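**Student:** Below is entry_39.cif; it holds mmCIF, C-alpha atoms.
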data_coords
loop_
_atom_site.group_PDB
_atom_site.id
_atom_site.type_symbol
_atom_site.label_atom_id
_atom_site.label_comp_id
_atom_site.auth_asym_id
_atom_site.auth_seq_id
_atom_site.Cartn_x
_atom_site.Cartn_y
_atom_site.Cartn_z
ATOM 1 C CA MET A 71 0.000 0.000 0.000
ATOM 2 C CA GLU A 72 2.844 2.386 0.885
ATOM 3 C CA ALA A 73 4.586 1.531 -2.399
ATOM 4 C CA VAL A 74 1.409 2.322 -4.354
ATOM 5 C CA ASN A 75 0.949 5.621 -2.532
ATOM 6 C CA GLY A 76 4.584 6.483 -3.179
ATOM 7 C CA LYS A 77 4.138 5.764 -6.887
ATOM 8 C CA GLN A 78 0.979 7.871 -7.025
ATOM 9 C CA LEU A 79 2.736 10.744 -5.271
ATOM 10 C CA GLY A 80 5.562 10.446 -7.776
ATOM 11 C CA HIS A 81 3.134 10.720 -10.695
ATOM 12 C CA LEU A 82 1.380 13.656 -9.037
ATOM 13 C CA TYR A 83 4.674 15.462 -8.511
ATOM 14 C CA GLU A 84 5.689 14.873 -12.132
ATOM 15 C CA ASN A 85 2.330 16.140 -13.404
ATOM 16 C CA ILE A 86 2.576 19.292 -11.281
ATOM 17 C CA SER A 87 6.181 19.840 -12.386
ATOM 18 C CA SER A 88 5.239 19.346 -16.026
ATOM 19 C CA PHE A 89 2.385 21.863 -15.742
ATOM 20 C CA PHE A 90 4.697 24.341 -14.013
ATOM 21 C CA ARG A 91 7.266 23.985 -16.819
ATOM 22 C CA GLN A 92 4.599 24.425 -19.490
ATOM 23 C CA CYS A 93 3.524 27.688 -17.901
ATOM 24 C CA ILE A 94 7.109 28.981 -17.794
ATOM 25 C CA PHE A 95 7.938 27.867 -21.332
ATOM 26 C CA SER A 96 4.733 29.350 -22.747
ATOM 27 C CA VAL A 97 5.852 32.738 -21.387
ATOM 28 C CA LEU A 98 9.420 32.312 -22.673
ATOM 29 C CA SER A 99 8.115 31.259 -26.101
ATOM 30 C CA VAL A 100 6.646 34.730 -26.603
ATOM 31 C CA GLY A 101 10.227 35.884 -27.236
ATOM 32 C CA PRO A 102 12.931 34.337 -29.434
ATOM 33 C CA VAL A 103 13.968 30.829 -28.408
ATOM 34 C CA PRO A 104 17.515 29.593 -29.094
ATOM 35 C CA SER A 105 17.797 26.983 -31.812
ATOM 36 C CA HIS A 106 20.960 25.350 -30.474
ATOM 37 C CA ILE A 107 22.335 25.123 -26.934
ATOM 38 C CA ALA A 108 25.664 23.420 -26.195
ATOM 39 C CA PHE A 109 26.770 22.199 -22.774
ATOM 40 C CA ILE A 110 30.211 21.598 -21.280
ATOM 41 C CA MET A 111 29.282 19.100 -18.576
ATOM 42 C CA ASP A 112 31.861 20.086 -15.973
ATOM 43 C CA GLY A 113 31.897 19.016 -12.324
ATOM 44 C CA ASN A 114 30.876 15.343 -12.182
ATOM 45 C CA ARG A 115 33.949 14.280 -10.212
ATOM 46 C CA ARG A 116 33.746 17.282 -7.867
ATOM 47 C CA TYR A 117 30.068 16.502 -7.264
ATOM 48 C CA SER A 118 30.994 12.923 -6.389
ATOM 49 C CA LYS A 119 33.581 14.125 -3.835
ATOM 50 C CA LYS A 120 31.209 16.763 -2.476
ATOM 51 C CA GLN A 121 28.497 14.159 -1.877
ATOM 52 C CA ASN A 122 30.916 11.404 -0.752
ATOM 53 C CA LEU A 123 29.775 9.140 -3.576
ATOM 54 C CA LEU A 124 31.495 6.077 -5.001
ATOM 55 C CA ASP A 125 33.623 6.316 -8.144
ATOM 56 C CA GLY A 126 31.406 6.699 -11.192
ATOM 57 C CA ASP A 127 28.329 7.777 -9.255
ATOM 58 C CA GLY A 128 29.021 11.428 -10.031
ATOM 59 C CA HIS A 129 28.942 10.636 -13.743
ATOM 60 C CA ARG A 130 25.727 8.658 -13.292
ATOM 61 C CA ALA A 131 24.179 11.681 -11.577
ATOM 62 C CA GLY A 132 25.472 13.746 -14.490
ATOM 63 C CA PHE A 133 23.673 11.456 -16.945
ATOM 64 C CA SER A 134 20.408 12.008 -15.049
ATOM 65 C CA ALA A 135 20.993 15.759 -15.285
ATOM 66 C CA LEU A 136 21.508 15.375 -19.051
ATOM 67 C CA ILE A 137 18.210 13.515 -19.442
ATOM 68 C CA ASN A 138 16.382 16.239 -17.505
ATOM 69 C CA MET A 139 18.010 18.996 -19.567
ATOM 70 C CA LEU A 140 17.113 17.189 -22.799
ATOM 71 C CA ARG A 141 13.488 17.112 -21.663
ATOM 72 C CA TYR A 142 13.496 20.803 -20.719
ATOM 73 C CA CYS A 143 15.084 21.874 -23.999
ATOM 74 C CA TYR A 144 12.631 19.753 -25.981
ATOM 75 C CA GLU A 145 9.630 21.211 -24.137
ATOM 76 C CA LEU A 146 10.934 24.736 -24.693
ATOM 77 C CA GLY A 147 11.406 24.135 -28.417
ATOM 78 C CA VAL A 148 15.216 24.029 -28.613
ATOM 79 C CA LYS A 149 15.838 21.668 -31.532
ATOM 80 C CA TYR A 150 19.614 21.176 -31.284
ATOM 81 C CA ILE A 151 21.462 20.169 -28.117
ATOM 82 C CA THR A 152 25.183 19.428 -28.032
ATOM 83 C CA VAL A 153 27.134 18.046 -25.073
ATOM 84 C CA TYR A 154 30.881 17.775 -24.502
ATOM 85 C CA ALA A 155 31.058 14.279 -23.070
ATOM 86 C CA PHE A 156 34.700 13.213 -23.423
ATOM 87 C CA SER A 157 37.700 15.196 -24.622
ATOM 88 C CA ILE A 158 40.698 13.659 -26.393
ATOM 89 C CA ASP A 159 42.692 15.153 -23.506
ATOM 90 C CA ASN A 160 40.732 12.926 -21.091
ATOM 91 C CA PHE A 161 42.655 9.923 -22.455
ATOM 92 C CA ARG A 162 45.624 11.274 -20.442
ATOM 93 C CA ARG A 163 43.904 10.239 -17.223
ATOM 94 C CA SER A 164 44.881 6.966 -15.549
ATOM 95 C CA PRO A 165 44.131 3.824 -17.627
ATOM 96 C CA GLU A 166 41.826 2.590 -14.864
ATOM 97 C CA GLU A 167 39.739 5.769 -14.912
ATOM 98 C CA VAL A 168 39.569 5.837 -18.718
ATOM 99 C CA GLU A 169 38.456 2.197 -18.812
ATOM 100 C CA SER A 170 35.811 2.899 -16.164
ATOM 101 C CA LEU A 171 34.509 5.905 -18.118
ATOM 102 C CA MET A 172 34.400 3.884 -21.357
ATOM 103 C CA LYS A 173 32.331 1.176 -19.671
ATOM 104 C CA LEU A 174 29.989 3.780 -18.188
ATOM 105 C CA MET A 175 29.689 5.502 -21.552
ATOM 106 C CA GLN A 176 28.747 2.230 -23.240
ATOM 107 C CA GLU A 177 26.154 1.563 -20.546
ATOM 108 C CA LYS A 178 24.574 5.001 -20.951
ATOM 109 C CA ILE A 179 24.591 4.869 -24.763
ATOM 110 C CA ASP A 180 22.715 1.569 -24.578
ATOM 111 C CA GLU A 181 20.204 3.204 -22.214
ATOM 112 C CA LEU A 182 19.656 6.024 -24.706
ATOM 113 C CA ILE A 183 18.419 3.638 -27.397
ATOM 114 C CA LYS A 184 16.129 1.428 -25.305
ATOM 115 C CA GLU A 185 12.515 1.332 -26.466
ATOM 116 C CA GLU A 186 11.329 3.436 -23.521
ATOM 117 C CA SER A 187 14.276 5.863 -23.651
ATOM 118 C CA ILE A 188 13.839 9.624 -23.928
ATOM 119 C CA ALA A 189 15.346 9.542 -27.430
ATOM 120 C CA ASN A 190 12.614 7.204 -28.686
ATOM 121 C CA ARG A 191 9.788 8.808 -26.721
ATOM 122 C CA LEU A 192 10.586 12.335 -27.903
ATOM 123 C CA GLY A 193 11.938 11.515 -31.362
ATOM 124 C CA ILE A 194 15.511 12.696 -30.755
ATOM 125 C CA ARG A 195 18.167 11.889 -33.335
ATOM 126 C CA ILE A 196 21.605 11.176 -31.864
ATOM 127 C CA TYR A 197 24.964 11.961 -33.440
ATOM 128 C CA PHE A 198 28.346 11.116 -31.970
ATOM 129 C CA GLN A 199 30.932 13.634 -33.119
ATOM 130 C CA GLY A 200 34.690 13.394 -32.784
ATOM 131 C CA ASN A 201 37.612 11.155 -33.626
ATOM 132 C CA LEU A 202 35.578 8.015 -32.961
ATOM 133 C CA LYS A 203 38.378 5.635 -33.926
ATOM 134 C CA LEU A 204 40.059 6.579 -30.627
ATOM 135 C CA LEU A 205 37.180 5.007 -28.681
ATOM 136 C CA SER A 206 37.259 1.415 -27.501
ATOM 137 C CA ALA A 207 35.615 -0.999 -29.934
ATOM 138 C CA PRO A 208 32.542 -1.686 -27.722
ATOM 139 C CA VAL A 209 31.880 2.043 -27.177
ATOM 140 C CA ARG A 210 32.364 2.842 -30.870
ATOM 141 C CA SER A 211 29.998 0.002 -31.790
ATOM 142 C CA ALA A 212 27.389 1.262 -29.280
ATOM 143 C CA ALA A 213 27.682 4.795 -30.690
ATOM 144 C CA GLU A 214 27.208 3.538 -34.253
ATOM 145 C CA ARG A 215 24.148 1.526 -33.187
ATOM 146 C CA ALA A 216 22.634 4.584 -31.529
ATOM 147 C CA MET A 217 23.132 6.705 -34.651
ATOM 148 C CA VAL A 218 21.568 4.048 -36.872
ATOM 149 C CA LYS A 219 18.611 3.379 -34.551
ATOM 150 C CA THR A 220 17.716 7.063 -34.180
ATOM 151 C CA ALA A 221 18.381 8.059 -37.805
ATOM 152 C CA GLY A 222 14.648 8.276 -38.492
ATOM 153 C CA HIS A 223 13.976 10.733 -35.655
ATOM 154 C CA SER A 224 13.622 14.400 -36.543
ATOM 155 C CA LYS A 225 11.942 16.277 -33.674
ATOM 156 C CA ALA A 226 15.242 17.167 -31.996
ATOM 157 C CA VAL A 227 18.953 16.468 -32.436
ATOM 158 C CA LEU A 228 21.435 15.509 -29.709
ATOM 159 C CA SER A 229 25.114 15.743 -30.699
ATOM 160 C CA VAL A 230 27.448 13.994 -28.274
ATOM 161 C CA CYS A 231 31.073 15.106 -28.631
ATOM 162 C CA VAL A 232 33.334 12.206 -27.634
ATOM 163 C CA ALA A 233 37.056 11.778 -28.306
ATOM 164 C CA TYR A 234 36.707 15.390 -29.413
ATOM 165 C CA THR A 235 38.681 18.611 -29.342
ATOM 166 C CA SER A 236 38.085 21.607 -31.539
ATOM 167 C CA THR A 237 41.676 21.649 -32.785
ATOM 168 C CA ASP A 238 41.340 18.013 -33.880
ATOM 169 C CA GLU A 239 38.075 18.884 -35.626
ATOM 170 C CA ILE A 240 39.690 21.805 -37.481
ATOM 171 C CA VAL A 241 42.731 19.746 -38.538
ATOM 172 C CA HIS A 242 40.410 16.964 -39.720
ATOM 173 C CA ALA A 243 38.321 19.445 -41.740
ATOM 174 C CA VAL A 244 41.387 21.083 -43.342
ATOM 175 C CA GLN A 245 42.830 17.695 -44.282
ATOM 176 C CA GLU A 246 39.565 16.565 -45.863
ATOM 177 C CA SER A 247 39.191 19.909 -47.675
ATOM 178 C CA CYS A 248 42.713 19.591 -49.104
ATOM 179 C CA GLU A 249 42.098 16.006 -50.191
ATOM 180 C CA GLU A 250 38.821 17.019 -51.840
ATOM 181 C CA LYS A 251 40.503 19.931 -53.647
ATOM 182 C CA TRP A 252 43.379 17.777 -54.840
ATOM 183 C CA ASP A 253 40.889 15.244 -56.203
ATOM 184 C CA GLU A 254 39.223 18.063 -58.150
ATOM 185 C CA ILE A 255 42.600 19.223 -59.484
ATOM 186 C CA ARG A 256 43.570 15.700 -60.581
ATOM 187 C CA LYS A 257 40.289 15.275 -62.423
ATOM 188 C CA ARG A 258 40.715 18.629 -64.184
ATOM 189 C CA ASP A 259 44.327 17.768 -65.014
ATOM 190 C CA ALA A 260 43.142 14.532 -66.564
ATOM 191 C CA ASN A 261 40.427 16.328 -68.551
ATOM 192 C CA ASN A 262 42.955 18.924 -69.745
ATOM 193 C CA ALA A 263 45.550 16.295 -70.613
ATOM 194 C CA GLY A 264 47.906 17.576 -67.925
ATOM 195 C CA GLY A 265 47.399 21.279 -68.670
ATOM 196 C CA TYR A 266 45.164 22.264 -65.744
ATOM 197 C CA LEU A 267 46.718 25.644 -64.930
ATOM 198 C CA ILE A 268 47.092 26.563 -68.604
ATOM 199 C CA GLY A 269 43.512 25.504 -69.186
ATOM 200 C CA LEU A 270 42.322 27.773 -66.385
ATOM 201 C CA GLU A 271 44.101 30.766 -67.908
ATOM 202 C CA GLU A 272 42.811 30.017 -71.373
ATOM 203 C CA ASN A 273 39.250 29.710 -70.153
ATOM 204 C CA GLY A 274 39.480 32.929 -68.144
ATOM 205 C CA LYS A 275 38.769 31.150 -64.851
ATOM 206 C CA ASP A 276 39.935 32.263 -61.427
ATOM 207 C CA LYS A 277 43.567 31.288 -60.907
ATOM 208 C CA ASP A 278 42.818 30.833 -57.183
ATOM 209 C CA ASP A 279 40.154 28.229 -57.882
ATOM 210 C CA HIS A 280 42.521 25.550 -56.561
ATOM 211 C CA LEU A 281 42.702 27.155 -53.084
ATOM 212 C CA ILE A 282 40.505 26.023 -50.180
ATOM 213 C CA GLY A 283 38.383 28.568 -48.298
ATOM 214 C CA VAL A 284 36.352 28.892 -45.121
ATOM 215 C CA THR A 285 33.276 27.345 -46.735
ATOM 216 C CA ASN A 286 35.300 24.278 -47.747
ATOM 217 C CA VAL A 287 36.588 23.788 -44.206
ATOM 218 C CA ASP A 288 33.186 24.505 -42.679
ATOM 219 C CA ARG A 289 31.586 21.793 -44.787
ATOM 220 C CA HIS A 290 33.977 19.149 -43.454
ATOM 221 C CA MET A 291 33.688 19.966 -39.742
ATOM 222 C CA TYR A 292 32.322 17.191 -37.524
ATOM 223 C CA MET A 293 29.592 19.611 -36.418
ATOM 224 C CA ALA A 294 28.538 20.591 -39.935
ATOM 225 C CA VAL A 295 25.309 18.599 -39.487
ATOM 226 C CA VAL A 296 23.907 21.197 -37.062
ATOM 227 C CA PRO A 297 23.818 25.029 -36.976
ATOM 228 C CA ASP A 298 26.305 26.966 -34.846
ATOM 229 C CA PRO A 299 25.279 27.232 -31.178
ATOM 230 C CA ASP A 300 23.373 30.243 -29.878
ATOM 231 C CA ILE A 301 24.509 29.548 -26.304
ATOM 232 C CA ILE A 302 27.304 27.567 -24.668
ATOM 233 C CA ILE A 303 26.744 26.681 -21.017
ATOM 234 C CA ARG A 304 29.666 25.500 -18.901
ATOM 235 C CA THR A 305 28.845 24.455 -15.366
ATOM 236 C CA SER A 306 30.954 24.738 -12.186
ATOM 237 C CA GLY A 307 31.645 28.445 -12.706
ATOM 238 C CA GLU A 308 34.401 27.941 -15.283
ATOM 239 C CA SER A 309 34.430 30.301 -18.267
ATOM 240 C CA ARG A 310 36.981 28.390 -20.379
ATOM 241 C CA LEU A 311 35.824 26.673 -23.577
ATOM 242 C CA SER A 312 38.459 23.933 -23.114
ATOM 243 C CA ASN A 313 38.894 23.318 -26.839
ATOM 244 C CA PHE A 314 35.163 22.946 -27.482
ATOM 245 C CA LEU A 315 33.411 24.359 -30.582
ATOM 246 C CA LEU A 316 36.063 27.060 -31.108
ATOM 247 C CA TRP A 317 35.228 27.282 -34.815
ATOM 248 C CA GLN A 318 31.474 27.560 -34.212
ATOM 249 C CA SER A 319 31.282 29.839 -31.161
ATOM 250 C CA ALA A 320 32.320 33.256 -32.527
ATOM 251 C CA ASN A 321 28.845 34.764 -32.101
ATOM 252 C CA CYS A 322 27.239 32.846 -29.249
ATOM 253 C CA LEU A 323 26.535 33.666 -25.614
ATOM 254 C CA LEU A 324 28.659 32.050 -22.908
ATOM 255 C CA TYR A 325 27.052 31.218 -19.559
ATOM 256 C CA SER A 326 28.929 29.850 -16.537
ATOM 257 C CA PRO A 327 26.647 28.943 -13.600
ATOM 258 C CA THR A 328 28.440 27.965 -10.394
ATOM 259 C CA ALA A 329 26.380 24.775 -10.131
ATOM 260 C CA LEU A 330 28.230 21.539 -10.865
ATOM 261 C CA TRP A 331 26.835 19.616 -13.825
ATOM 262 C CA PRO A 332 24.717 17.143 -11.780
ATOM 263 C CA GLU A 333 23.214 20.159 -9.979
ATOM 264 C CA ILE A 334 22.086 22.000 -13.119
ATOM 265 C CA GLY A 335 18.329 22.498 -13.274
ATOM 266 C CA LEU A 336 15.397 24.288 -14.806
ATOM 267 C CA ARG A 337 16.224 27.643 -13.208
ATOM 268 C CA HIS A 338 19.612 27.764 -14.949
ATOM 269 C CA LEU A 339 18.033 27.137 -18.344
ATOM 270 C CA VAL A 340 15.334 29.760 -17.770
ATOM 271 C CA TRP A 341 17.917 32.355 -16.728
ATOM 272 C CA VAL A 342 20.152 31.786 -19.754
ATOM 273 C CA VAL A 343 17.202 31.921 -22.181
ATOM 274 C CA LEU A 344 16.093 35.225 -20.638
ATOM 275 C CA ASP A 345 19.637 36.541 -21.096
ATOM 276 C CA PHE A 346 19.596 35.317 -24.708
ATOM 277 C CA GLN A 347 16.334 37.173 -25.317
ATOM 278 C CA ARG A 348 17.761 40.378 -23.825
ATOM 279 C CA ASN A 349 20.750 40.171 -26.186
ATOM 280 C CA TYR A 350 18.917 38.768 -29.201
ATOM 281 C CA LEU A 351 18.984 41.838 -31.450
ATOM 282 C CA TYR A 352 22.681 42.415 -30.736
ATOM 283 C CA LEU A 353 23.532 38.774 -31.484
ATOM 284 C CA LYS A 354 21.449 38.834 -34.646
ATOM 285 C CA GLU A 355 23.319 41.903 -35.900
ATOM 286 C CA LYS A 356 26.685 40.310 -35.090
ATOM 287 C CA LYS A 357 25.786 37.192 -37.102
ATOM 288 C CA LYS A 358 24.824 39.370 -40.078
ATOM 289 C CA GLN A 359 28.225 41.057 -39.945
ATOM 290 C CA ALA A 360 30.113 37.736 -39.666
#
Go ahead and render the structure in this file as structure tokens.
**Tutor:**
Amino acid sequence: MEAVNGKQLGHLYENISSFFRQCIFSVLSVGPVPSHIAFIMDGNRRYSKKQNLLDGDGHRAGFSALINMLRYCYELGVKYITVYAFSIDNFRRSPEEVESLMKLMQEKIDELIKEESIANRLGIRIYFQGNLKLLSAPVRSAAERAMVKTAGHSKAVLSVCVAYTSTDEIVHAVQESCEEKWDEIRKRDANNAGGYLIGLEENGKDKDDHLIGVTNVDRHMYMAVVPDPDIIIRTSGESRLSNFLLWQSANCLLYSPTALWPEIGLRHLVWVVLDFQRNYLYLKEKKKQA
């Protein structure tokens, strides 16, 4: 009987909370709503120490915070959510810690694609972005399964940056852009019987056509599948980007709440959206000038 009452109270609390959120989001929706919010999920280990938790429990609490934030963003109408889950630099930690994090990551990826998961219930497509070949085989396989299983979802997009740094992303994009351009040059050389540059001059074409530009690099970024972020939120009071979305963040707001990642909640999201709305016209003008 007590278990039933507890379950009923839980449902009642969730219904009240959901109604409360709907009221808040309906007011916020009167103004502009960000299309893309990115999160640097900082503070899981500090939260674990603060709460005297076992190893890994801080990251599990962080995963629960991620699920809640996904729900809030979806209800507000934010279509794109990106999270910095694991940096390439994190591989420098002890082998035992890295192995533990890889196992936890595999466990949580599998949870994300269960039938009753938030991704399936809300229609969220999942991308894993980064140098995925650096991941352990089981984690890489789990990530690939998640991307395949959610490929048909279109209501929202979750990009999970793993084995990622922005410098690696930029180098990767430049390399691919150069390879693509060289392929074009070889094909033109073959068509011109080895006289590509002469052919360009004779046809009056731009002599710089063989150079790569910003648009070429932009097209080959890992994050090219989503628009640039409107807001980057880093928890635990840190204002550093830590090699995250450096290419994409020139014209976005940065927000650094003092809460550790597992402590982030609805109030933090509401505050940052209000700040975004206050600065919307300025940000819009800056993007036009970019």
**Student:** May I have the residues within 10 Å of stretch 282-286 of chain A as a list in words, using all atoms listed in the file and disregarding those fewer than 3 positions away in the same chain?
**Tutor:**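 These residues fall inside the cut-off: Ala243, Val244, Glu246, Ser247, Cys248, Glu250, Lys251, Trp252, Asp278, Asp279, Arg289, His290 and Met291 of chain A.
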**Student:** I'd like a table as a tab-separated table: residues in stretch 120-207 of chain A with an atom no more than 12 Å from stretch 343-350 of chain A, each row giving the shortest atom pair and its distance in Å to one decimal, only C-alpha atoms counted, sorted by chain and rising residue number.
**Tutor:**
residue	atom	partner	partner_atom	distance
A:Tyr142	CA	A:Val343	CA	11.8
A:Cys143	CA	A:Val343	CA	10.4
A:Leu146	CA	A:Val343	CA	9.9
A:Gly147	CA	A:Val343	CA	11.5
A:Val148	CA	A:Val343	CA	10.4
**Student:** What's around A:Tyr325 at 7 Å? Count only C-alpha atoms, leave out sequence neighbours fewer than 4 positions away in its own chain, and write the answer as a PDB file with C-alpha atoms, keeping the file's coordinate frame.
**Tutor:**
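Generated output (selection_8.pdb):
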ATOM      1  CA  ILE A 302      27.304  27.567 -24.668  1.00  0.00           C
ATOM      2  CA  ILE A 303      26.744  26.681 -21.017  1.00  0.00           C
ATOM      3  CA  ARG A 304      29.666  25.500 -18.901  1.00  0.00           C
ATOM      4  CA  VAL A 342      20.152  31.786 -19.754  1.00  0.00           C
TER       5      VAL A 342
END
**Student:** Report, in Å to a single decimal, how far apart atom CA of A:Ala221 and atom CA of A:Gly193 are.
**Tutor:**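 That distance, rounded to one decimal, is 9.7 Å.
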**Student:** Would you mind listing what lies within 7 Å of stretch 172-187 of chain A as a PyMOL selection string, with all atoms listed in the file counted and same-chain residues fewer than 4 positions away left out?
**Tutor:** chain A and resi 168+191+209+212-213+216
**Student:** Take the residues from that selection and write them out as a CSV table (one decimal), in the frame of the given file, keeping C-alpha atoms.
**Tutor:**
chain,number,residue,atom,x,y,z
A,168,VAL,CA,39.6,5.8,-18.7
A,191,ARG,CA,9.8,8.8,-26.7
A,209,VAL,CA,31.9,2.0,-27.2
A,212,ALA,CA,27.4,1.3,-29.3
A,213,ALA,CA,27.7,4.8,-30.7
A,216,ALA,CA,22.6,4.6,-31.5
**Student:** Which residues, named as in the file, does the PyMOL selection byres ((chain A and resi 317) around 9) pick out? Answer as a list in words.
**Tutor:** Ser236, Thr237, Glu239, Ile240, Asp288, Met291, Asp298, Phe314, Leu315, Leu316, Gln318, Ser319 and Ala320 of chain A
**Student:** Leaving out A:Gln359 and any residue of its chain fewer than 5 positions from it, which residues lie within 12 Å of it when counting only C-alpha atoms, given as a PyMOL selection string?
**Tutor:** chain A and resi 320-321+352-354
**Student:** Please write the residues picked by the PyMOL selection byres ((chain A and resi 336) around 9) on this file as an MDAnalysis selection string.
**Tutor:** chainID A and resid 91 138:139 142 334:335 337:341
**Student:** Taking the file above as input, evaluate the PyMOL selection byres ((chain A and resi 150-157) around 8) and report the hits as an MDAnalysis selection string.
**Tutor:** chainID A and resid 105:111 140 143 148:149 158:161 226:235 296 314
**Student:** Between atom CA of A:Gly128 and atom CA of A:Tyr197, what distance in Å does the model show, to one decimal?
**Tutor:**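 Pair atom CA of A:Gly128 / atom CA of A:Tyr197 returns 23.8 Å.
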**Student:** Axis-aligned box over every listed atom of stretch 345-360 of chain A, padded by 6 Å per side: centre and edges in Å to one decimal, as JSON?
**Tutor:**
{"center_x": 23.2, "center_y": 38.9, "center_z": -30.6, "size_x": 25.8, "size_y": 19.1, "size_z": 31.0}
**Student:** Could you jot down the atom CA of A:Gln199 to atom CA of A:Tyr292 separation for me, Å, one decimal place?
**Tutor:**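 Here the two named atoms are 5.8 Å from each other.
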**Student:** I need the residue nearest A:Ile301 from this list: A:Arg210, A:Arg258, A:Leu136, A:Cys322. Use all atoms listed in the file for the distance.
**Tutor:**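 Among the listed residues, the smallest separation from A:Ile301 belongs to A:Cys322.
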**Student:** For A:Phe133, which residue among A:Pro332, A:Asp300, A:His280, A:Pro102 is the nearest when counting all atoms listed in the file?
**Tutor:**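 Ranking A:Pro332, A:Asp300, A:His280, A:Pro102 by distance to A:Phe133, first place goes to A:Pro332.
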**Student:** Using all atoms listed in the file, which of the listed residues (A:Asn313, A:Asp238, A:Glu333, A:Leu192) sits closest to A:Leu204?
**Tutor:** A:Asp238
**Student:** Tell me which of A:Gln78, A:Ile188, A:His129, A:Glu169 sits closest to A:Pro208, counting all atoms listed in the file.
**Tutor:** A:Glu169
**Student:** Mind completing stretch 193-198 of chain A with all heavy atoms? Output as a CSV table (one decimal), keeping the file's coordinate frame, please?
**Tutor:**
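Below is the file that was written, selection.csv:
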chain,number,residue,atom,x,y,z
A,193,GLY,N,11.5,11.4,-30.0
A,193,GLY,CA,11.9,11.5,-31.4
A,193,GLY,C,13.2,12.3,-31.6
A,193,GLY,O,13.4,13.1,-32.5
A,194,ILE,N,14.2,12.0,-30.7
A,194,ILE,CA,15.5,12.7,-30.8
A,194,ILE,C,16.5,11.9,-31.6
A,194,ILE,O,16.8,10.7,-31.3
A,194,ILE,CB,16.1,12.9,-29.3
A,194,ILE,CG1,15.1,13.8,-28.5
A,194,ILE,CG2,17.4,13.6,-29.4
A,194,ILE,CD1,15.5,14.0,-27.1
A,195,ARG,N,17.1,12.5,-32.6
A,195,ARG,CA,18.2,11.9,-33.3
A,195,ARG,C,19.5,12.1,-32.6
A,195,ARG,O,19.8,13.2,-32.1
A,195,ARG,CB,18.2,12.5,-34.7
A,195,ARG,CG,19.3,11.8,-35.6
A,195,ARG,CD,19.2,12.2,-37.1
A,195,ARG,NE,20.1,11.4,-37.8
A,195,ARG,CZ,20.1,11.4,-39.2
A,195,ARG,NH1,19.3,12.1,-39.9
A,195,ARG,NH2,21.0,10.6,-39.8
A,196,ILE,N,20.3,11.1,-32.6
A,196,ILE,CA,21.6,11.2,-31.9
A,196,ILE,C,22.8,11.1,-32.8
A,196,ILE,O,22.8,10.2,-33.7
A,196,ILE,CB,21.7,10.1,-30.8
A,196,ILE,CG1,20.6,10.1,-29.8
A,196,ILE,CG2,23.1,10.2,-30.1
A,196,ILE,CD1,20.5,9.0,-28.8
A,197,TYR,N,23.7,12.0,-32.7
A,197,TYR,CA,25.0,12.0,-33.4
A,197,TYR,C,26.1,11.9,-32.4
A,197,TYR,O,26.0,12.5,-31.3
A,197,TYR,CB,25.2,13.2,-34.3
A,197,TYR,CG,24.3,13.4,-35.5
A,197,TYR,CD1,23.3,14.3,-35.5
A,197,TYR,CD2,24.6,12.7,-36.7
A,197,TYR,CE1,22.5,14.4,-36.6
A,197,TYR,CE2,23.9,12.9,-37.8
A,197,TYR,CZ,22.8,13.7,-37.8
A,197,TYR,OH,22.0,13.9,-38.9
A,198,PHE,N,27.1,11.1,-32.8
A,198,PHE,CA,28.3,11.1,-32.0
A,198,PHE,C,29.4,11.8,-32.8
A,198,PHE,O,29.7,11.3,-33.9
A,198,PHE,CB,28.7,9.7,-31.5
A,198,PHE,CG,27.9,9.2,-30.4
A,198,PHE,CD1,26.7,8.5,-30.7
A,198,PHE,CD2,28.2,9.3,-29.1
A,198,PHE,CE1,25.9,8.1,-29.7
A,198,PHE,CE2,27.4,8.8,-28.1
A,198,PHE,CZ,26.2,8.2,-28.4
